[in-house]
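Undergrad: Handing you a structure now.
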Amino acid sequence: MKVNFSDKQLVFRVIAKKDPDAYAHIYDRYVDALYRFILFKVSEREIAEDLTSDVFLKTWQYLIEYTGEIENIRSLLYKIARNRIIDFYRKRATMSESSLDQLTQPIPDSAIAEAIKQNAEAQHMMKLLQQLKSDYQEVIMLKYIEGFSTKEISQILEKNQSAVRVTLYRAIKRLKSLSSPELEDV
Amino acid sequence: MGSVLKKQLKTLKHMREQVNPSSDWKAQNRAQLYSQIGNTVNQETLQKTSAFDTLVHALHIFVPRSLQIVAKPALACIAVIGLATAGWGVGVRASSDSLPGEALWHVKIAFEKTEIAVADVTKNKKKEAVLQVKFAGRRAQEIKDVVVQQKPTDTQKSLNTAFKQLKTSIKSASTVLDEVKTISLKDSAEIAEVIDSTSEEILSNLEETKRAAKDISPAQQGVPTPIHGIVSEVDEATLVVEDTSIKSIGVIVETGLADENTDTALLKEKVVQKLAKVSTHIEAVEADVATAVSSTEAVMATFTSTTLAQTTSTIAVKEQFATTKERADQIVDKTKILLEQNALLDAVQGVQELTVLKGQLDEVAKQTQQTLVNTSAGVTNTTAVTTTNATTTTPIIKDSTSSAKVDENVQQSNMTSTTPN
């Protein structure tokens, strides 16, 4: 019989029992979403795969050496993924002397780009997002694409919830202003 | 947010969700990850996870942060109680075999005191008395083990503490027995039975200790531990134990006589056995004293000039012993008469008085032994002998009272004996 463990139960088994099977459940649950999140940021499948593997391994190490509180494993995975993406771009920036902000722009890989191209609305939104600064892009992506709550976003970005709400408000306002004038008042 | 923007973002989300990692990569990466994380977990890491850590993890994961302010102190309290309980078991087990002079022995004493304190706080007098007797039994066993195994002399201090503990425990049990007797005869009878049976073991161990101590030469014991150091302690402890033992027999007899279903023959047998033991001991002491006195006289006869003090002290000790022994014999005879008349309670009192005399005879016997040692060594220690003679005079005067009491009981018993058989 397949038991549907909650995230908290799985995390408890990992932390208290160092149970690899419980962690495998977590992997199965989040690998697709995490891979897409990373791929959307790095645009290359191979890099996304490497970073995804790395994120799961780092999260495991974090959990078994755990001494503090873990409210949400999904937020934790995204937080580690975000930091890994920043590291990745930092290394690449050092090598190519490009600015980090420029490199963290969401550049969809060919598969995503192809899918987006087939839809005019998605394509339009992609262009708008690319015009936003990275902070704004990040909160909008986490809120409306990944579907995180403000609290979860605050955990991922390591900011307080008020700061997230303010950033989100400003990002949407900026997105509206970038969109066609007729949308601004909608 | 505008509905058009929302729609565009949702479309973007759907588009993106159409892109998934390949199944091969996912499976391969899963297997690789499983292998990697499996290697990071060894048995040692698993063993480090204590029950307390698991509780803390569960608290952090399952309890909302707002409730953790309350939950954490509660968990701490539970953990302290749990650890104390676990620690108790571990501590008791670890220290159970320790002997006086060993590091864990004081831990064992501390645990025992705590047990008694708990019984006292919970007003469980019966348990308190039973514990006191049990711990006195332990002390007697430990003392015997230390002396028989000839542990180093640095255990002397702990050994003295053990003797002190033994006497205190027995006296406490005796006090509790008196208290319980005023409340419940049944409970006091149960306590008395425990005291009676344990006392026999304690007395047996003390006797063995005394024999072993006598076999150890002063050189083996080392300076400044004289041979009579342990022997005196054993004698003192024996007196206390015997006194409580006879008191417990008195309670058993008293409660037994109050119960119609009790077989008085069994009660009588108990008193007879006790009387026989004390009498046998007195006979043995008499034989020892006679040997010691004759040996001392033989040694003195070899001296070219014997001081008046030496001769006087030897005669004084001999006479004192004879006088006390005579009184003891009188009490034995009278107690036997009381037993024949089935005046069991009075007979118990006779045994009690005989035990007091037995203690005095032991003391005189020690003096004769010491006189023999001093005389053999050619040492004239008149002061010491005279002093000890003076100390033994007082109890002998008290004996007259004891003897008079038994006489009185015999007379009363002759008049009122109902022969309950």
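Simple scheme: letters A, B, ... for chains in structure tokens order, numbers from 1 for residues in each chain, numbers from 1 for ligands in the order shown.
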Which neighbours of region 119-132 of chain A fall inside 8 Å, counting only C-alpha atoms, when residues of the same chain fewer than 5 positions from it are skipped, and could you give them as a list in words?
TA: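 In the requested format, the answer is Gln105, Pro106, Gln137, Ala171, Arg174, Leu175, Leu178 and Ser179 of chain A; Leu5, Gln8, Leu9, Thr11, Leu12 and Met15 of chain B.
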Undergrad: Return the single residue from A:Lys151, A:Arg74, A:Ile85, A:Asp21 that is closest to Ala48 (chain A), with distances computed using only C-alpha atoms.
TA: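 Smallest separation from Ala48 (chain A) among the options: A:Ile85.
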Undergrad: Restricting the calculation to only C-alpha atoms, which member of B:Ser204, B:Ser188, B:Thr368, B:Ser232 is positioned closest to Val253 (chain B)?
TA: B:Ser188
Undergrad: Tell me, in Å to one decimal, how far CA of Glu242 (chain B) is from CA of Ala162 (chain B).
TA: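 Distance reported for this atom pair: 17.6 Å.
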Undergrad: Counting only C-alpha atoms, what is within 8 Å of Asn72 (chain A), bar same-chain residues fewer than 3 positions away, as a list in words?
TA: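 Residues meeting the cut-off are Asp7, Lys8, Ser75, Leu76 and Glu152 of chain A.
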Undergrad: Those residues you just picked out, can you put them in a file as a PDB file, in the first residue's frame with C-alpha atoms?
TA:
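Result saved to again_10.pdb:
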```
ATOM      1  CA  ASP A   7       6.115  16.947   3.675  1.00  0.00           C
ATOM      2  CA  LYS A   8       6.523  17.334   7.437  1.00  0.00           C
ATOM      3  CA  SER A  75      10.751  26.697   0.341  1.00  0.00           C
ATOM      4  CA  LEU A  76      14.038  25.268   1.506  1.00  0.00           C
ATOM      5  CA  GLU A 152       7.118  31.083   1.541  1.00  0.00           C
TER       6      GLU A 152
END
```
Undergrad: Between B:Gly250, B:Gly137, B:Gly38, B:Gly229, which is the closest to Ala189 (chain B) once you count only C-alpha atoms?
TA: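 Residue with the minimum atom-to-atom distance to Ala189 (chain B): B:Gly250.
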Undergrad: Just how far from CA of Leu203 (chain B) is CA of Asp329 (chain B), in Å to one decimal?
TA: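 According to the coordinates, CA of Asp329 (chain B) and CA of Leu203 (chain B) are separated by 22.3 Å.
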